[in-house]
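Dropping target.cif in here (mmCIF, C-alpha atoms):
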```cif
data_query
loop_
_atom_site.group_PDB
_atom_site.id
_atom_site.type_symbol
_atom_site.label_atom_id
_atom_site.label_comp_id
_atom_site.auth_asym_id
_atom_site.auth_seq_id
_atom_site.Cartn_x
_atom_site.Cartn_y
_atom_site.Cartn_z
ATOM 1 C CA MET A 1 19.938 16.348 -13.624
ATOM 2 C CA ASN A 2 21.699 13.239 -12.305
ATOM 3 C CA ASN A 3 18.732 12.380 -10.120
ATOM 4 C CA LEU A 4 16.276 12.911 -12.999
ATOM 5 C CA LEU A 5 18.344 10.683 -15.301
ATOM 6 C CA ALA A 6 18.603 7.970 -12.644
ATOM 7 C CA ALA A 7 14.866 8.260 -12.000
ATOM 8 C CA TRP A 8 14.215 7.865 -15.734
ATOM 9 C CA LYS A 9 16.104 4.556 -15.815
ATOM 10 C CA GLU A 10 13.895 3.248 -13.023
ATOM 11 C CA PHE A 11 10.695 4.671 -14.466
ATOM 12 C CA VAL A 12 11.127 3.475 -18.067
ATOM 13 C CA ASN A 13 11.728 -0.162 -17.106
ATOM 14 C CA CYS A 14 9.028 -2.316 -18.803
ATOM 15 C CA LYS A 15 7.293 0.824 -20.154
ATOM 16 C CA ARG A 16 9.238 1.523 -23.353
ATOM 17 C CA CYS A 17 6.448 0.228 -25.603
ATOM 18 C CA LYS A 18 3.841 2.583 -24.106
ATOM 19 C CA ILE A 19 2.906 5.312 -26.588
ATOM 20 C CA ASP A 20 3.231 8.228 -24.139
ATOM 21 C CA VAL A 21 6.600 6.951 -22.880
ATOM 22 C CA SER A 22 7.836 6.425 -26.446
ATOM 23 C CA ASN A 23 6.865 9.981 -27.389
ATOM 24 C CA PHE A 24 8.695 11.384 -24.357
ATOM 25 C CA THR A 25 11.778 9.310 -25.226
ATOM 26 C CA ARG A 26 12.136 10.834 -28.707
ATOM 27 C CA ASN A 27 13.339 14.107 -27.179
ATOM 28 C CA LEU A 28 14.466 12.667 -23.880
ATOM 29 C CA LEU A 29 17.395 14.949 -23.014
ATOM 30 C CA PHE A 30 15.492 18.067 -24.085
ATOM 31 C CA ASN A 31 12.460 17.032 -22.005
ATOM 32 C CA ILE A 32 14.570 16.280 -18.934
ATOM 33 C CA ARG A 33 16.525 19.553 -19.274
ATOM 34 C CA GLU A 34 13.258 21.454 -19.612
ATOM 35 C CA LEU A 35 11.882 19.761 -16.491
ATOM 36 C CA ASN A 36 15.108 20.522 -14.625
ATOM 37 C CA ASP A 37 14.946 24.194 -15.652
ATOM 38 C CA ASP A 38 11.299 24.457 -14.575
ATOM 39 C CA LEU A 39 12.223 23.048 -11.173
ATOM 40 C CA ASN A 40 15.168 25.422 -10.757
ATOM 41 C CA ASN A 41 13.029 28.411 -11.784
ATOM 42 C CA LYS A 42 10.061 27.229 -9.731
ATOM 43 C CA SER A 43 7.923 27.482 -12.859
ATOM 44 C CA TYR A 44 7.038 23.781 -12.732
ATOM 45 C CA CYS A 45 3.321 23.071 -12.762
ATOM 46 C CA HIS A 46 1.915 19.551 -12.425
ATOM 47 C CA GLY A 47 -0.184 18.368 -15.371
ATOM 48 C CA GLU A 48 -3.638 16.856 -15.460
ATOM 49 C CA TYR A 49 -4.543 13.232 -14.752
ATOM 50 C CA HIS A 50 -6.090 10.544 -16.942
ATOM 51 C CA HIS A 51 -8.832 8.786 -14.997
ATOM 52 C CA PHE A 52 -9.834 5.146 -15.427
ATOM 53 C CA LYS A 53 -11.239 2.342 -13.287
ATOM 54 C CA ILE A 54 -9.852 -1.081 -12.384
ATOM 55 C CA HIS A 55 -11.591 -3.999 -10.685
ATOM 56 C CA ASP A 56 -9.470 -6.034 -8.236
ATOM 57 C CA PRO A 57 -12.189 -7.229 -7.431
ATOM 58 C CA LYS A 58 -13.862 -4.048 -6.171
ATOM 59 C CA SER A 59 -13.925 -0.982 -8.393
ATOM 60 C CA ARG A 60 -11.082 1.499 -7.845
ATOM 61 C CA ASP A 61 -10.497 4.922 -9.390
ATOM 62 C CA ILE A 62 -6.989 5.285 -10.833
ATOM 63 C CA HIS A 63 -5.570 8.655 -11.855
ATOM 64 C CA LYS A 64 -2.573 8.456 -14.179
ATOM 65 C CA ALA A 65 -0.282 11.484 -14.493
ATOM 66 C CA LEU A 66 1.644 12.572 -17.592
ATOM 67 C CA VAL A 67 5.036 10.943 -18.233
ATOM 68 C CA ARG A 68 6.823 14.177 -17.297
ATOM 69 C CA ASP A 69 5.112 14.273 -13.929
ATOM 70 C CA ARG A 70 5.542 10.560 -13.268
ATOM 71 C CA LEU A 71 9.282 10.975 -13.913
ATOM 72 C CA LEU A 72 9.328 13.730 -11.305
ATOM 73 C CA HIS A 73 7.447 11.478 -8.870
ATOM 74 C CA HIS A 74 10.229 8.894 -9.197
ATOM 75 C CA ALA A 75 12.920 11.545 -8.680
ATOM 76 C CA VAL A 76 11.217 12.836 -5.528
ATOM 77 C CA TYR A 77 10.571 9.322 -4.246
ATOM 78 C CA ARG A 78 14.243 8.355 -4.691
ATOM 79 C CA GLN A 79 15.289 11.173 -2.377
ATOM 80 C CA LEU A 80 12.556 11.074 0.263
ATOM 81 C CA TYR A 81 11.885 7.349 0.713
ATOM 82 C CA PRO A 82 15.272 6.350 2.289
ATOM 83 C CA PHE A 83 14.916 9.052 4.940
ATOM 84 C CA PHE A 84 11.266 8.504 5.832
ATOM 85 C CA ASP A 85 11.514 4.723 5.818
ATOM 86 C CA ARG A 86 13.806 4.959 8.847
ATOM 87 C CA THR A 87 11.087 6.789 10.769
ATOM 88 C CA PHE A 88 8.444 4.075 10.239
ATOM 89 C CA ILE A 89 7.682 1.334 12.745
ATOM 90 C CA PHE A 90 8.905 -2.165 11.918
ATOM 91 C CA ASP A 91 5.410 -3.619 11.516
ATOM 92 C CA SER A 92 4.211 -1.333 8.725
ATOM 93 C CA TYR A 93 4.268 -3.550 5.624
ATOM 94 C CA SER A 94 2.769 -1.628 2.690
ATOM 95 C CA CYS A 95 4.940 -0.237 -0.142
ATOM 96 C CA ARG A 96 8.259 -0.678 1.643
ATOM 97 C CA ASP A 97 11.458 -2.468 0.689
ATOM 98 C CA ASP A 98 11.744 -5.976 2.166
ATOM 99 C CA LYS A 99 8.147 -5.896 3.448
ATOM 100 C CA GLY A 100 4.914 -6.720 1.571
ATOM 101 C CA THR A 101 1.889 -8.960 2.131
ATOM 102 C CA HIS A 102 3.781 -12.244 2.593
ATOM 103 C CA ARG A 103 5.953 -10.890 5.384
ATOM 104 C CA GLY A 104 2.920 -9.144 6.848
ATOM 105 C CA PHE A 105 0.771 -12.250 7.214
ATOM 106 C CA LYS A 106 3.730 -14.299 8.468
ATOM 107 C CA ARG A 107 4.286 -11.682 11.154
ATOM 108 C CA PHE A 108 0.571 -11.874 11.997
ATOM 109 C CA SER A 109 0.849 -15.655 12.515
ATOM 110 C CA GLU A 110 3.944 -15.113 14.650
ATOM 111 C CA PHE A 111 2.151 -12.517 16.803
ATOM 112 C CA ALA A 112 -0.811 -14.881 17.249
ATOM 113 C CA ARG A 113 1.507 -17.642 18.436
ATOM 114 C CA ARG A 114 3.328 -15.355 20.875
ATOM 115 C CA ALA A 115 0.170 -13.660 22.197
ATOM 116 C CA SER A 116 -1.517 -17.029 22.832
ATOM 117 C CA PHE A 117 1.590 -18.663 24.373
ATOM 118 C CA ASP A 118 1.885 -21.190 21.527
ATOM 119 C CA HIS A 119 -1.905 -21.365 21.144
ATOM 120 C CA THR A 120 -2.534 -22.464 24.724
ATOM 121 C CA LYS A 121 -4.578 -19.342 25.581
ATOM 122 C CA THR A 122 -7.347 -17.481 23.784
ATOM 123 C CA VAL A 123 -6.183 -14.429 21.846
ATOM 124 C CA TRP A 124 -8.531 -11.782 20.437
ATOM 125 C CA VAL A 125 -7.972 -9.867 17.201
ATOM 126 C CA LEU A 126 -9.208 -6.336 16.529
ATOM 127 C CA LYS A 127 -9.348 -5.877 12.758
ATOM 128 C CA CYS A 128 -10.061 -2.469 11.165
ATOM 129 C CA ASP A 129 -10.172 -0.742 7.807
ATOM 130 C CA ILE A 130 -10.105 3.012 7.179
ATOM 131 C CA ARG A 131 -13.047 4.293 5.133
ATOM 132 C CA LYS A 132 -12.154 5.717 1.672
ATOM 133 C CA PHE A 133 -8.557 6.108 2.751
ATOM 134 C CA PHE A 134 -6.798 7.687 -0.260
ATOM 135 C CA ALA A 135 -9.794 9.895 -1.031
ATOM 136 C CA SER A 136 -9.881 11.172 2.596
ATOM 137 C CA ILE A 137 -6.285 12.347 3.101
ATOM 138 C CA ASP A 138 -6.421 15.994 4.193
ATOM 139 C CA HIS A 139 -3.726 18.039 2.430
ATOM 140 C CA GLN A 140 -3.186 20.611 5.178
ATOM 141 C CA THR A 141 -2.779 17.900 7.817
ATOM 142 C CA LEU A 142 -0.270 16.133 5.564
ATOM 143 C CA PHE A 143 1.651 19.393 4.997
ATOM 144 C CA ILE A 144 1.933 19.941 8.762
ATOM 145 C CA ILE A 145 3.317 16.435 9.234
ATOM 146 C CA LEU A 146 5.806 16.817 6.357
ATOM 147 C CA GLU A 147 7.049 20.186 7.615
ATOM 148 C CA ARG A 148 8.141 18.553 10.879
ATOM 149 C CA TYR A 149 10.635 16.478 8.878
ATOM 150 C CA ILE A 150 11.466 18.705 5.885
ATOM 151 C CA PRO A 151 13.008 22.088 6.812
ATOM 152 C CA ASP A 152 13.977 22.909 3.212
ATOM 153 C CA ALA A 153 11.499 25.379 1.667
ATOM 154 C CA ASN A 154 12.272 24.318 -1.911
ATOM 155 C CA ILE A 155 11.479 20.677 -1.211
ATOM 156 C CA MET A 156 8.255 21.620 0.551
ATOM 157 C CA TRP A 157 7.276 23.813 -2.412
ATOM 158 C CA LEU A 158 7.711 20.856 -4.761
ATOM 159 C CA VAL A 159 5.919 18.417 -2.457
ATOM 160 C CA LYS A 160 2.970 20.816 -2.236
ATOM 161 C CA GLN A 161 2.886 21.073 -6.031
ATOM 162 C CA ILE A 162 2.530 17.281 -6.293
ATOM 163 C CA ILE A 163 0.006 16.868 -3.473
ATOM 164 C CA GLY A 164 -2.032 19.906 -4.553
ATOM 165 C CA SER A 165 -2.278 18.640 -8.143
ATOM 166 C CA PHE A 166 -5.160 16.360 -7.171
ATOM 167 C CA HIS A 167 -8.249 16.351 -5.016
ATOM 168 C CA SER A 168 -11.181 13.975 -4.710
ATOM 169 C CA THR A 169 -14.734 15.249 -4.308
ATOM 170 C CA VAL A 170 -13.631 17.965 -1.866
ATOM 171 C CA SER A 171 -10.919 20.530 -2.606
ATOM 172 C CA GLY A 172 -7.785 20.018 -0.527
ATOM 173 C CA VAL A 173 -8.600 16.382 0.216
ATOM 174 C CA GLY A 174 -7.432 13.152 -1.410
ATOM 175 C CA LEU A 175 -4.383 11.579 -3.055
ATOM 176 C CA PRO A 176 -4.366 9.823 -6.449
ATOM 177 C CA LEU A 177 -3.968 6.043 -6.392
ATOM 178 C CA GLY A 178 -1.797 6.159 -9.516
ATOM 179 C CA ASN A 179 1.106 8.223 -8.130
ATOM 180 C CA LEU A 180 4.271 6.580 -6.803
ATOM 181 C CA THR A 181 4.612 9.444 -4.327
ATOM 182 C CA SER A 182 1.121 8.728 -2.954
ATOM 183 C CA GLN A 183 2.380 5.399 -1.597
ATOM 184 C CA LEU A 184 5.026 7.231 0.412
ATOM 185 C CA PHE A 185 2.779 10.096 1.517
ATOM 186 C CA VAL A 186 0.095 7.787 2.938
ATOM 187 C CA ASN A 187 2.740 5.881 4.925
ATOM 188 C CA ILE A 188 4.063 9.193 6.288
ATOM 189 C CA PHE A 189 0.484 10.221 7.108
ATOM 190 C CA LEU A 190 -0.406 6.989 8.920
ATOM 191 C CA ASN A 191 2.975 6.782 10.642
ATOM 192 C CA GLU A 192 1.478 9.323 13.046
ATOM 193 C CA PHE A 193 -1.214 6.767 13.844
ATOM 194 C CA ASP A 194 1.342 3.928 14.074
ATOM 195 C CA GLN A 195 3.376 5.864 16.627
ATOM 196 C CA TYR A 196 0.234 6.646 18.617
ATOM 197 C CA VAL A 197 -0.838 2.993 18.735
ATOM 198 C CA LYS A 198 2.628 1.740 19.688
ATOM 199 C CA HIS A 199 3.732 4.427 22.149
ATOM 200 C CA ARG A 200 0.528 5.932 23.556
ATOM 201 C CA LEU A 201 -1.822 2.962 23.502
ATOM 202 C CA LYS A 202 1.096 0.563 24.136
ATOM 203 C CA ALA A 203 -0.286 -2.020 21.687
ATOM 204 C CA ARG A 204 2.343 -4.735 21.672
ATOM 205 C CA TRP A 205 1.001 -6.817 18.771
ATOM 206 C CA TYR A 206 0.048 -4.323 16.063
ATOM 207 C CA ILE A 207 0.427 -4.695 12.275
ATOM 208 C CA ARG A 208 -0.617 -2.308 9.512
ATOM 209 C CA TYR A 209 -0.753 -2.794 5.755
ATOM 210 C CA ALA A 210 -1.961 0.379 3.972
ATOM 211 C CA ASP A 211 -5.360 1.159 5.542
ATOM 212 C CA ASP A 212 -5.872 -2.318 7.063
ATOM 213 C CA PHE A 213 -4.575 -2.990 10.568
ATOM 214 C CA VAL A 214 -4.873 -5.548 13.338
ATOM 215 C CA ILE A 215 -4.184 -5.510 17.075
ATOM 216 C CA LEU A 216 -3.957 -8.735 19.083
ATOM 217 C CA ASP A 217 -4.590 -9.032 22.802
ATOM 218 C CA GLN A 218 -5.588 -11.654 25.362
ATOM 219 C CA ASN A 219 -8.253 -9.311 26.734
ATOM 220 C CA ARG A 220 -11.315 -8.497 24.604
ATOM 221 C CA VAL A 221 -12.375 -5.654 26.920
ATOM 222 C CA GLN A 222 -8.966 -4.053 26.416
ATOM 223 C CA LEU A 223 -9.428 -4.151 22.639
ATOM 224 C CA GLU A 224 -12.889 -2.608 22.943
ATOM 225 C CA SER A 225 -11.379 0.234 24.950
ATOM 226 C CA ILE A 226 -8.554 0.660 22.410
ATOM 227 C CA LEU A 227 -11.093 0.787 19.569
ATOM 228 C CA ILE A 228 -12.840 3.791 21.154
ATOM 229 C CA GLU A 229 -9.536 5.658 21.456
ATOM 230 C CA ILE A 230 -8.542 4.747 17.896
ATOM 231 C CA ARG A 231 -11.778 6.140 16.485
ATOM 232 C CA GLN A 232 -11.321 9.383 18.428
ATOM 233 C CA TYR A 233 -7.665 9.817 17.407
ATOM 234 C CA LEU A 234 -8.229 9.147 13.700
ATOM 235 C CA HIS A 235 -11.156 11.535 13.502
ATOM 236 C CA ALA A 236 -9.657 14.346 15.601
ATOM 237 C CA GLU A 237 -6.024 14.240 14.488
ATOM 238 C CA LEU A 238 -6.068 12.850 10.932
ATOM 239 C CA LYS A 239 -9.688 13.522 9.853
ATOM 240 C CA LEU A 240 -10.193 9.850 9.022
ATOM 241 C CA ASP A 241 -12.931 7.394 9.964
ATOM 242 C CA LEU A 242 -13.068 3.620 10.259
ATOM 243 C CA HIS A 243 -15.205 1.723 7.781
ATOM 244 C CA PRO A 244 -18.385 0.851 9.718
ATOM 245 C CA ASP A 245 -18.715 -2.582 8.073
ATOM 246 C CA LYS A 246 -15.064 -3.591 8.384
ATOM 247 C CA VAL A 247 -14.418 -3.461 12.121
ATOM 248 C CA SER A 248 -14.451 -6.709 14.083
ATOM 249 C CA ILE A 249 -13.174 -8.320 17.267
ATOM 250 C CA GLN A 250 -12.920 -12.099 17.114
ATOM 251 C CA THR A 251 -10.787 -14.958 18.390
ATOM 252 C CA PHE A 252 -7.829 -15.997 16.299
ATOM 253 C CA ALA A 253 -8.972 -19.630 16.532
ATOM 254 C CA SER A 254 -12.218 -18.798 14.694
ATOM 255 C CA GLY A 255 -10.275 -17.765 11.591
ATOM 256 C CA VAL A 256 -9.187 -14.205 10.804
ATOM 257 C CA ASP A 257 -9.193 -12.837 7.257
ATOM 258 C CA PHE A 258 -6.088 -10.660 6.845
ATOM 259 C CA LEU A 259 -4.063 -9.737 3.739
ATOM 260 C CA GLY A 260 -5.887 -12.126 1.448
ATOM 261 C CA TRP A 261 -5.565 -15.215 3.659
ATOM 262 C CA VAL A 262 -7.745 -16.701 6.391
ATOM 263 C CA HIS A 263 -5.573 -17.515 9.403
ATOM 264 C CA PHE A 264 -6.257 -20.416 11.763
ATOM 265 C CA ILE A 265 -4.218 -21.927 14.584
ATOM 266 C CA ASP A 266 -2.678 -24.730 12.533
ATOM 267 C CA HIS A 267 -3.254 -23.744 8.925
ATOM 268 C CA LEU A 268 -3.624 -20.912 6.441
ATOM 269 C CA ILE A 269 -6.098 -20.875 3.555
ATOM 270 C CA LEU A 270 -6.655 -18.499 0.654
ATOM 271 C CA ARG A 271 -9.590 -16.101 0.877
ATOM 272 C CA LYS A 272 -12.530 -17.484 -1.122
ATOM 273 C CA ALA A 273 -12.935 -14.323 -3.218
ATOM 274 C CA THR A 274 -9.217 -14.420 -4.094
ATOM 275 C CA GLU A 275 -9.491 -18.072 -5.121
ATOM 276 C CA LYS A 276 -12.451 -17.377 -7.428
ATOM 277 C CA ARG A 277 -10.701 -14.391 -8.983
ATOM 278 C CA MET A 278 -7.548 -16.430 -9.536
ATOM 279 C CA PHE A 279 -9.280 -19.245 -11.431
ATOM 280 C CA ARG A 280 -11.370 -16.744 -13.397
ATOM 281 C CA ASN A 281 -8.153 -14.994 -14.469
ATOM 282 C CA ILE A 282 -6.579 -18.338 -15.448
ATOM 283 C CA ALA A 283 -9.609 -19.196 -17.603
ATOM 284 C CA ILE A 284 -9.345 -15.855 -19.412
ATOM 285 C CA LYS A 285 -5.602 -16.222 -20.108
ATOM 286 C CA GLN A 286 -5.788 -19.821 -21.317
ATOM 287 C CA ASN A 287 -6.687 -18.614 -24.809
ATOM 288 C CA GLY A 288 -4.127 -15.819 -24.871
ATOM 289 C CA ASP A 289 -0.346 -15.563 -25.183
ATOM 290 C CA LEU A 290 1.341 -18.786 -24.011
ATOM 291 C CA ASP A 291 4.323 -17.063 -22.368
ATOM 292 C CA LYS A 292 2.032 -14.741 -20.381
ATOM 293 C CA PHE A 293 -0.141 -17.693 -19.401
ATOM 294 C CA GLU A 294 2.852 -19.648 -18.079
ATOM 295 C CA ALA A 295 4.134 -16.604 -16.199
ATOM 296 C CA THR A 296 0.704 -16.196 -14.579
ATOM 297 C CA MET A 297 0.627 -19.865 -13.571
ATOM 298 C CA ARG A 298 4.096 -19.677 -12.015
ATOM 299 C CA SER A 299 3.113 -16.534 -10.155
ATOM 300 C CA TYR A 300 0.001 -18.172 -8.703
ATOM 301 C CA LEU A 301 1.893 -21.318 -7.735
ATOM 302 C CA GLY A 302 4.463 -19.177 -5.931
ATOM 303 C CA MET A 303 1.733 -17.287 -4.072
ATOM 304 C CA LEU A 304 -0.087 -20.490 -3.086
ATOM 305 C CA SER A 305 3.105 -22.038 -1.712
ATOM 306 C CA HIS A 306 2.757 -19.780 1.341
ATOM 307 C CA GLY A 307 -0.400 -21.518 2.622
ATOM 308 C CA ASN A 308 -2.183 -24.845 2.954
ATOM 309 C CA THR A 309 -3.274 -25.020 -0.673
ATOM 310 C CA TRP A 310 -2.270 -28.492 -1.909
ATOM 311 C CA LYS A 311 -5.551 -29.086 -3.778
ATOM 312 C CA MET A 312 -5.429 -25.723 -5.539
ATOM 313 C CA ARG A 313 -1.767 -26.134 -6.492
ATOM 314 C CA THR A 314 -2.503 -29.604 -7.877
ATOM 315 C CA LYS A 315 -5.390 -28.235 -9.940
ATOM 316 C CA ILE A 316 -3.262 -25.403 -11.326
ATOM 317 C CA SER A 317 -0.363 -27.765 -12.096
ATOM 318 C CA CYS A 318 -2.761 -29.997 -14.068
ATOM 319 C CA LEU A 319 -4.027 -27.015 -16.052
ATOM 320 C CA HIS A 320 -0.429 -25.926 -16.659
ATOM 321 C CA SER A 321 0.559 -29.350 -18.000
ATOM 322 C CA ILE A 322 -2.463 -29.436 -20.338
ATOM 323 C CA PHE A 323 -1.621 -26.115 -21.958
#
```

Output the file's structure as structure tokens, nothing else.
Amino acid sequence: MNNLLAAWKEFVNCKRCKIDVSNFTRNLLFNIRELNDDLNNKSYCHGEYHHFKIHDPKSRDIHKALVRDRLLHHAVYRQLYPFFDRTFIFDSYSCRDDKGTHRGFKRFSEFARRASFDHTKTVWVLKCDIRKFFASIDHQTLFIILERYIPDANIMWLVKQIIGSFHSTVSGVGLPLGNLTSQLFVNIFLNEFDQYVKHRLKARWYIRYADDFVILDQNRVQLESILIEIRQYLHAELKLDLHPDKVSIQTFASGVDFLGWVHFIDHLILRKATEKRMFRNIAIKQNGDLDKFEATMRSYLGMLSHGNTWKMRTKISCLHSIF
């Protein structure tokens, strides 16, 4: 009960005005007690999902669970995340405390500097993306991985209830993008790959963010050899495949697109698609709520401060002053 109540405080933040959350709140203690009893009796059954699409900019399928189930996701996450986070490699940056995209691309720049001996030698970058990542997670493979770490049968029963509540086009495959627990489960799943790359392939300069990863090396032939082994491991061990159009090996000096920024030796610029989307979003919000517009502008200015974006920041500041 204490964990469910603490999870509710985290979950309800900034969601109180949502109709489904408001309805759940009316009988909050009864609903939480009922959920607690269902868990104790093992009569809990995960509900259905509401499906919708978002465009950021590419189309993504989001599956939103019921409030009751999302509360449970938070409760499970609160208990499992602190343990599993300690098992992850340092250079995994997605959905982790004190990580994120900014620290990820700064680490990438640091690796490029170290691998090239302060940009005095050519360094090559292998960049990859896993094809249909969330939709391709095999449940049985994930269960096997989780059982290595979780000896408690009750916890595994609950975890299987959550994971088994969803599948993509094939039964027993796929995790929903909308679940908080999915963020943790995919990191646990790909931690197997991280450990393989670091300890079996001995890749010194490796960074992963969700299903995007890069490996830096002074030897292109070495990266080509590593790529073959990566493809074989992902397919054989995790039943995943690399996206055929999103695998490249190029020099760092030629400019590498990673985590929304294009990285060069002496500067960092925003990806063109991100820039266009940003100004399109600003144009839409100019005629909306003033407070939301100002918050959006401040957010963009903060993001742009991480790169060489003086012209863009000046343009946004001018728009901000006008409105």

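Put simply, atom CA of Ile130 of chain A is 8.3 Å away from atom CA of Lys246 of chain A.
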
Could you make a table, as a tab-separated table, of the residues of segment 155-197 of chain A that have an atom within 8 Å of an atom of segment 91-111 of chain A, each with its nearest atom pair and distance in Å to one decimal, counting all atoms listed in the file, in chain and number order?
```
residue	atom	partner	partner_atom	distance
A:Gln183	CA	A:Cys95	CA	6.4
A:Leu184	CA	A:Cys95	CA	7.5
A:Asn187	CA	A:Ser94	CA	7.8
```

I need the residues from that last selection saved to file as a compact mmCIF listing (two decimals), in the frame of the given file (with C-alpha atoms), if you can.
```txt
# COMPACT_ATOMS: atom_id res chain seq x y z
CA GLN A 183 2.38 5.40 -1.60
CA LEU A 184 5.03 7.23 0.41
CA ASN A 187 2.74 5.88 4.92
```

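Distance check against Asn154 of chain A using all atoms listed in the file: of A:Ser305, A:Gln250, A:Asn40, A:Asn191, the minimum falls on A:Asn40.
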
Output of the PyMOL selection byres ((chain A and resi 10-17) around 10), listed as a PyMOL selection string: chain A and resi 4-9+18-25+67+70-75+78

Once you have the residues from the selection above, write them out as a compact mmCIF listing (two decimals), in the coordinates of the input, restricted to C-alpha atoms.
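So selection02.txt came out as:
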```txt
# COMPACT_ATOMS: atom_id res chain seq x y z
CA LEU A 4 16.28 12.91 -13.00
CA LEU A 5 18.34 10.68 -15.30
CA ALA A 6 18.60 7.97 -12.64
CA ALA A 7 14.87 8.26 -12.00
CA TRP A 8 14.22 7.86 -15.73
CA LYS A 9 16.10 4.56 -15.82
CA LYS A 18 3.84 2.58 -24.11
CA ILE A 19 2.91 5.31 -26.59
CA ASP A 20 3.23 8.23 -24.14
CA VAL A 21 6.60 6.95 -22.88
CA SER A 22 7.84 6.42 -26.45
CA ASN A 23 6.86 9.98 -27.39
CA PHE A 24 8.70 11.38 -24.36
CA THR A 25 11.78 9.31 -25.23
CA VAL A 67 5.04 10.94 -18.23
CA ARG A 70 5.54 10.56 -13.27
CA LEU A 71 9.28 10.98 -13.91
CA LEU A 72 9.33 13.73 -11.30
CA HIS A 73 7.45 11.48 -8.87
CA HIS A 74 10.23 8.89 -9.20
CA ALA A 75 12.92 11.54 -8.68
CA ARG A 78 14.24 8.36 -4.69
```

Could you write out as a PyMOL selection string the residues that the PyMOL selection byres ((chain A and resi 291-301) around 8) matches in the shown file? chain A and resi 278+282+285-286+288-290+302-305+313+316+320

Complete the atom set of segment 282-293 of chain A to N, CA, C and O atoms and return it as a PDB file, keeping the file's coordinate frame.
```
ATOM      1  N   ILE A 282      -7.225 -17.245 -14.717  1.00  0.00           N
ATOM      2  CA  ILE A 282      -6.579 -18.338 -15.448  1.00  0.00           C
ATOM      3  C   ILE A 282      -7.403 -18.732 -16.663  1.00  0.00           C
ATOM      4  O   ILE A 282      -6.878 -18.937 -17.767  1.00  0.00           O
ATOM      5  N   ALA A 283      -8.721 -18.818 -16.499  1.00  0.00           N
ATOM      6  CA  ALA A 283      -9.609 -19.196 -17.603  1.00  0.00           C
ATOM      7  C   ALA A 283      -9.543 -18.188 -18.741  1.00  0.00           C
ATOM      8  O   ALA A 283      -9.573 -18.561 -19.924  1.00  0.00           O
ATOM      9  N   ILE A 284      -9.426 -16.907 -18.390  1.00  0.00           N
ATOM     10  CA  ILE A 284      -9.345 -15.855 -19.412  1.00  0.00           C
ATOM     11  C   ILE A 284      -8.035 -15.955 -20.186  1.00  0.00           C
ATOM     12  O   ILE A 284      -8.008 -15.822 -21.415  1.00  0.00           O
ATOM     13  N   LYS A 285      -6.924 -16.234 -19.475  1.00  0.00           N
ATOM     14  CA  LYS A 285      -5.602 -16.222 -20.108  1.00  0.00           C
ATOM     15  C   LYS A 285      -5.248 -17.528 -20.813  1.00  0.00           C
ATOM     16  O   LYS A 285      -4.225 -17.596 -21.499  1.00  0.00           O
ATOM     17  N   GLN A 286      -6.066 -18.549 -20.644  1.00  0.00           N
ATOM     18  CA  GLN A 286      -5.788 -19.821 -21.317  1.00  0.00           C
ATOM     19  C   GLN A 286      -5.764 -19.672 -22.834  1.00  0.00           C
ATOM     20  O   GLN A 286      -5.020 -20.374 -23.520  1.00  0.00           O
ATOM     21  N   ASN A 287      -6.582 -18.787 -23.355  1.00  0.00           N
ATOM     22  CA  ASN A 287      -6.687 -18.614 -24.809  1.00  0.00           C
ATOM     23  C   ASN A 287      -5.820 -17.472 -25.329  1.00  0.00           C
ATOM     24  O   ASN A 287      -5.933 -17.100 -26.503  1.00  0.00           O
ATOM     25  N   GLY A 288      -4.978 -16.943 -24.477  1.00  0.00           N
ATOM     26  CA  GLY A 288      -4.127 -15.819 -24.871  1.00  0.00           C
ATOM     27  C   GLY A 288      -2.696 -16.249 -25.159  1.00  0.00           C
ATOM     28  O   GLY A 288      -2.421 -17.402 -25.526  1.00  0.00           O
ATOM     29  N   ASP A 289      -1.768 -15.322 -24.946  1.00  0.00           N
ATOM     30  CA  ASP A 289      -0.346 -15.563 -25.183  1.00  0.00           C
ATOM     31  C   ASP A 289       0.182 -16.641 -24.243  1.00  0.00           C
ATOM     32  O   ASP A 289      -0.011 -16.573 -23.034  1.00  0.00           O
ATOM     33  N   LEU A 290       0.875 -17.638 -24.802  1.00  0.00           N
ATOM     34  CA  LEU A 290       1.341 -18.786 -24.011  1.00  0.00           C
ATOM     35  C   LEU A 290       2.361 -18.376 -22.957  1.00  0.00           C
ATOM     36  O   LEU A 290       2.316 -18.864 -21.817  1.00  0.00           O
ATOM     37  N   ASP A 291       3.291 -17.489 -23.325  1.00  0.00           N
ATOM     38  CA  ASP A 291       4.323 -17.063 -22.368  1.00  0.00           C
ATOM     39  C   ASP A 291       3.687 -16.333 -21.177  1.00  0.00           C
ATOM     40  O   ASP A 291       4.078 -16.555 -20.023  1.00  0.00           O
ATOM     41  N   LYS A 292       2.709 -15.461 -21.458  1.00  0.00           N
ATOM     42  CA  LYS A 292       2.032 -14.741 -20.381  1.00  0.00           C
ATOM     43  C   LYS A 292       1.227 -15.701 -19.505  1.00  0.00           C
ATOM     44  O   LYS A 292       1.149 -15.539 -18.288  1.00  0.00           O
ATOM     45  N   PHE A 293       0.627 -16.695 -20.147  1.00  0.00           N
ATOM     46  CA  PHE A 293      -0.141 -17.693 -19.401  1.00  0.00           C
ATOM     47  C   PHE A 293       0.751 -18.468 -18.439  1.00  0.00           C
ATOM     48  O   PHE A 293       0.418 -18.658 -17.266  1.00  0.00           O
TER      49      PHE A 293
END
```
